[in-house]
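For reference, the structure is listed below as structure tokens.
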Amino acid sequence: MSASLYDLSVPTFLQTMRAIGGFLDRAAAHWAETGEDPEAVVNARLFDDMAPFHFQIEAAWHHGVWAVEALKTGAFAPPGLVGPVPFAELRAMIASGEAALAAFTRDEIDACAGKALDMQIGPRRLAFTAETFILSFSLPNFHFHAVTAYDILRSRGVPIGKRDYEGRLRTSA
């Protein structure tokens with residue numbers, strides 16, 4: 001079986017985006033049970049030199065939704081970061097990301113296969129194909145930010161484990 005551009009991107013982003021939504025829900029339930037304030041995690045970091053939780057959630061959203069959008073437009077141009085927002089808004093951001101990803105169709109994404117895609121990082125221009133952009137830039141960044149958000153929640157005592165991060169596996173049965 002060969003994998004299409006759609007198969008490599010949309011279902012993969014959706015699996016983890018849904019998992020992020022799930023562990024954010026678990027965190028909210030945990031804090032409701034313990035009486036902890038969910039807003040305390042918004043600016044939490046694993047280390048002082050790492051970006052805070054809100055950035056991890058927003059970056060995962062960008063590297064999922066806007067990466068797939070870039071396949072269509074030929075340029076990775078996510079909106080600017082919004083900065084610290086309430087925990088409930090981070091949950092809403094992930095829910096909107098799920099909806100946006102689910103709206104992409106197989107035909108529209110597979111039609112982008114082999115297409116040139118550019119990204120500007122400061123003065124540096126990076127040229128990709130749609131496939132190399134997804135596989136070498138977007139997926140690694142997406143998973144980095146998703147797992148960092150997961151790790152911040154774990155470090156704050158939220159009872160989540162590996163299966164929460166994996167989400168619903170796409171088995172053949």
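By order of appearance in the structure tokens: chains A, B, ..., then residues from 1 within every chain, and ligands from 1 in the order shown.
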- Message: When you look at region 58-62 of chain A with a cut-off of 9 Å (counting only C-alpha atoms), what residues show up, excluding the ones that are within fewer than 5 positions of it in the same chain? I need them as a list of chain:residue names.
- Response: A:Met17, A:Phe53, A:Ala67, A:Pro78, A:Pro79, A:Leu81, A:Val82, A:Gly83, A:Leu90, A:Met93, A:Ile94, A:Ser96, A:Gly97, A:Glu98, A:Asn141, A:Phe142, A:His143, A:Phe144, A:His145, A:Ala146, A:Ala149
With the cut-off set at 9 Å and counting only C-alpha atoms, tabulate each residue of region 8-42 of chain A with an atom at most that distance from an atom of region 119-139 of chain A, showing the nearest atom pair and its distance in Å to one decimal, ordered by chain and increasing number, as CSV.
residue,atom,partner,partner_atom,distance
A:Leu8,CA,A:Ile134,CA,7.9
A:Ser9,CA,A:Ile134,CA,6.8
A:Thr12,CA,A:Leu139,CA,8.5
A:Phe13,CA,A:Leu139,CA,7.8
Keeping N, CA and C atoms, export the residues of the selection given above as a PDB file, in the first residue's frame.
ATOM      1  N   LEU A   8      -0.416  10.924   4.903  1.00  0.00           N
ATOM      2  CA  LEU A   8       0.740  11.320   5.698  1.00  0.00           C
ATOM      3  C   LEU A   8       0.463  12.513   6.600  1.00  0.00           C
ATOM      4  N   SER A   9      -0.500  13.324   6.232  1.00  0.00           N
ATOM      5  CA  SER A   9      -0.709  14.573   6.957  1.00  0.00           C
ATOM      6  C   SER A   9      -1.997  14.601   7.774  1.00  0.00           C
ATOM      7  N   THR A  12      -2.806  11.959  10.501  1.00  0.00           N
ATOM      8  CA  THR A  12      -1.744  11.980  11.510  1.00  0.00           C
ATOM      9  C   THR A  12      -1.891  13.193  12.423  1.00  0.00           C
ATOM     10  N   PHE A  13      -2.101  14.360  11.830  1.00  0.00           N
ATOM     11  CA  PHE A  13      -2.336  15.553  12.651  1.00  0.00           C
ATOM     12  C   PHE A  13      -3.603  15.401  13.481  1.00  0.00           C
TER      13      PHE A  13
END
- List every residue of region 5-173 of chain A that DSSP, applied to the backbone, labels as helix (DSSP H, G or I), and write the result as a PyMOL selection string. chain A and resi 5-34+38-41+53-73+87-103+106-110+130-155+162-166
Output C-alpha atoms of each residue in that selection to a file, as a tab-separated table (two decimals), in the first residue's frame.
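The resulting file, selection_38.tsv, is shown below:
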chain	number	residue	atom	x	y	z
A	5	LEU	CA	0.01	13.09	0.96
A	6	TYR	CA	-3.38	13.17	2.65
A	7	ASP	CA	-2.59	9.94	4.53
A	8	LEU	CA	0.74	11.32	5.70
A	9	SER	CA	-0.71	14.57	6.96
A	10	VAL	CA	-4.36	15.01	7.85
A	11	PRO	CA	-5.11	11.76	9.74
A	12	THR	CA	-1.74	11.98	11.51
A	13	PHE	CA	-2.34	15.55	12.65
A	14	LEU	CA	-5.93	14.70	13.61
A	15	GLN	CA	-4.90	11.73	15.74
A	16	THR	CA	-2.59	13.83	17.86
A	17	MET	CA	-4.77	16.97	17.81
A	18	ARG	CA	-7.60	14.85	19.25
A	19	ALA	CA	-5.20	13.39	21.80
A	20	ILE	CA	-4.19	16.93	22.84
A	21	GLY	CA	-7.86	17.78	23.27
A	22	GLY	CA	-8.25	14.64	25.36
A	23	PHE	CA	-5.39	15.38	27.70
A	24	LEU	CA	-6.52	19.00	28.07
A	25	ASP	CA	-9.94	17.64	29.08
A	26	ARG	CA	-8.28	15.26	31.54
A	27	ALA	CA	-6.29	18.17	32.97
A	28	ALA	CA	-9.45	20.28	33.42
A	29	ALA	CA	-11.23	17.38	35.15
A	30	HIS	CA	-8.21	16.75	37.39
A	31	TRP	CA	-8.02	20.39	38.44
A	32	ALA	CA	-11.77	20.57	39.04
A	33	GLU	CA	-11.39	17.55	41.32
A	34	THR	CA	-8.34	18.88	43.19
A	38	PRO	CA	-6.08	25.67	35.51
A	39	GLU	CA	-4.75	29.15	34.77
A	40	ALA	CA	-1.59	28.27	36.70
A	41	VAL	CA	-0.47	26.05	33.82
A	53	PHE	CA	2.47	25.85	27.92
A	54	HIS	CA	0.29	28.30	25.99
A	55	PHE	CA	2.97	28.55	23.30
A	56	GLN	CA	3.18	24.75	23.02
A	57	ILE	CA	-0.56	24.47	22.41
A	58	GLU	CA	-0.63	27.33	19.92
A	59	ALA	CA	2.44	26.02	18.07
A	60	ALA	CA	0.91	22.53	17.81
A	61	TRP	CA	-2.21	24.15	16.33
A	62	HIS	CA	-0.08	26.13	13.83
A	63	HIS	CA	2.03	23.15	12.78
A	64	GLY	CA	-1.09	21.06	12.25
A	65	VAL	CA	-3.75	23.26	10.70
A	66	TRP	CA	-1.50	25.81	9.00
A	67	ALA	CA	0.86	23.15	7.68
A	68	VAL	CA	-1.98	21.48	5.82
A	69	GLU	CA	-3.22	24.87	4.63
A	70	ALA	CA	0.31	25.53	3.34
A	71	LEU	CA	0.04	22.48	1.12
A	72	LYS	CA	-2.76	24.27	-0.71
A	73	THR	CA	-1.24	27.77	-0.79
A	87	PHE	CA	-6.84	27.67	29.62
A	88	ALA	CA	-10.39	27.41	28.24
A	89	GLU	CA	-9.31	29.31	25.12
A	90	LEU	CA	-6.43	26.88	24.61
A	91	ARG	CA	-8.95	24.03	24.72
A	92	ALA	CA	-11.13	25.89	22.21
A	93	MET	CA	-8.11	26.43	19.95
A	94	ILE	CA	-7.46	22.69	19.83
A	95	ALA	CA	-11.15	21.97	19.17
A	96	SER	CA	-11.12	24.45	16.28
A	97	GLY	CA	-7.95	22.77	15.00
A	98	GLU	CA	-9.70	19.41	14.98
A	99	ALA	CA	-12.60	20.88	13.01
A	100	ALA	CA	-10.30	22.62	10.52
A	101	LEU	CA	-8.27	19.46	9.92
A	102	ALA	CA	-11.38	17.33	9.52
A	103	ALA	CA	-12.64	19.72	6.83
A	106	ARG	CA	-8.45	13.71	0.47
A	107	ASP	CA	-8.73	15.02	-3.11
A	108	GLU	CA	-7.70	18.59	-2.29
A	109	ILE	CA	-4.66	17.50	-0.29
A	110	ASP	CA	-3.56	14.72	-2.64
A	130	ALA	CA	4.77	19.39	-0.11
A	131	GLU	CA	5.97	15.98	1.08
A	132	THR	CA	9.34	17.11	2.44
A	133	PHE	CA	7.69	20.04	4.22
A	134	ILE	CA	5.23	17.76	6.00
A	135	LEU	CA	7.71	14.98	6.79
A	136	SER	CA	10.82	17.00	7.69
A	137	PHE	CA	9.40	20.21	9.16
A	138	SER	CA	5.75	20.19	10.16
A	139	LEU	CA	5.33	16.74	11.68
A	140	PRO	CA	8.52	16.95	13.80
A	141	ASN	CA	7.57	20.43	15.04
A	142	PHE	CA	3.96	19.45	15.66
A	143	HIS	CA	4.94	16.42	17.73
A	144	PHE	CA	7.62	18.36	19.61
A	145	HIS	CA	5.09	20.94	20.79
A	146	ALA	CA	2.39	18.34	21.50
A	147	VAL	CA	4.70	16.21	23.64
A	148	THR	CA	6.07	19.28	25.43
A	149	ALA	CA	2.52	20.33	26.35
A	150	TYR	CA	1.88	16.77	27.54
A	151	ASP	CA	5.10	16.83	29.60
A	152	ILE	CA	4.16	20.14	31.23
A	153	LEU	CA	0.81	18.69	32.27
A	154	ARG	CA	2.51	15.55	33.62
A	155	SER	CA	4.98	17.70	35.57
A	162	LYS	CA	1.41	7.31	27.02
A	163	ARG	CA	-1.96	6.11	25.72
A	164	ASP	CA	-3.39	9.58	26.31
A	165	TYR	CA	-0.64	11.00	24.11
A	166	GLU	CA	-1.03	8.36	21.39
- Select from region 6-128 of chain A everything DSSP, run on the backbone, classes as strand (DSSP E), then give the selection as number ranges by chain. A: 116-121, 124-128
Once you have the residues from the selection above, write them out as a PDB file, in the first residue's frame, restricted to N, CA and C atoms.
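selection.pdb written:
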ATOM      1  N   ALA A 116       5.638  22.706  -4.998  1.00  0.00           N
ATOM      2  CA  ALA A 116       6.667  23.478  -4.293  1.00  0.00           C
ATOM      3  C   ALA A 116       6.034  24.232  -3.132  1.00  0.00           C
ATOM      4  N   LEU A 117       6.784  24.335  -2.047  1.00  0.00           N
ATOM      5  CA  LEU A 117       6.292  25.026  -0.863  1.00  0.00           C
ATOM      6  C   LEU A 117       7.455  25.790  -0.253  1.00  0.00           C
ATOM      7  N   ASP A 118       7.259  27.073  -0.047  1.00  0.00           N
ATOM      8  CA  ASP A 118       8.319  27.922   0.504  1.00  0.00           C
ATOM      9  C   ASP A 118       7.990  28.354   1.925  1.00  0.00           C
ATOM     10  N   MET A 119       9.052  28.560   2.681  1.00  0.00           N
ATOM     11  CA  MET A 119       8.903  29.074   4.029  1.00  0.00           C
ATOM     12  C   MET A 119      10.006  30.088   4.269  1.00  0.00           C
ATOM     13  N   GLN A 120       9.612  31.201   4.823  1.00  0.00           N
ATOM     14  CA  GLN A 120      10.559  32.267   5.144  1.00  0.00           C
ATOM     15  C   GLN A 120      10.759  32.290   6.649  1.00  0.00           C
ATOM     16  N   ILE A 121      11.990  32.140   7.094  1.00  0.00           N
ATOM     17  CA  ILE A 121      12.328  32.262   8.513  1.00  0.00           C
ATOM     18  C   ILE A 121      13.344  33.393   8.601  1.00  0.00           C
ATOM     19  N   ARG A 124      16.044  33.931   5.904  1.00  0.00           N
ATOM     20  CA  ARG A 124      16.284  32.640   5.258  1.00  0.00           C
ATOM     21  C   ARG A 124      15.027  32.090   4.584  1.00  0.00           C
ATOM     22  N   ARG A 125      15.167  31.708   3.322  1.00  0.00           N
ATOM     23  CA  ARG A 125      14.070  31.081   2.593  1.00  0.00           C
ATOM     24  C   ARG A 125      14.372  29.593   2.476  1.00  0.00           C
ATOM     25  N   LEU A 126      13.413  28.785   2.850  1.00  0.00           N
ATOM     26  CA  LEU A 126      13.557  27.336   2.743  1.00  0.00           C
ATOM     27  C   LEU A 126      12.588  26.833   1.684  1.00  0.00           C
ATOM     28  N   ALA A 127      13.108  26.100   0.734  1.00  0.00           N
ATOM     29  CA  ALA A 127      12.286  25.552  -0.343  1.00  0.00           C
ATOM     30  C   ALA A 127      12.067  24.064  -0.093  1.00  0.00           C
ATOM     31  N   PHE A 128      10.819  23.641  -0.135  1.00  0.00           N
ATOM     32  CA  PHE A 128      10.433  22.256   0.087  1.00  0.00           C
ATOM     33  C   PHE A 128       9.538  21.794  -1.058  1.00  0.00           C
TER      34      PHE A 128
END
- Message: I'd like the interatomic distance between CA of Gly35 (chain A) and CA of Asp48 (chain A), to a tenth of an Å.
- Response: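 Going from CA of Gly35 (chain A) over to CA of Asp48 (chain A), I get 26.0 Å.
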- Which distance in Å separates CA of Ile160 (chain A) and CA of Ser172 (chain A), to one decimal? 25.7 Å
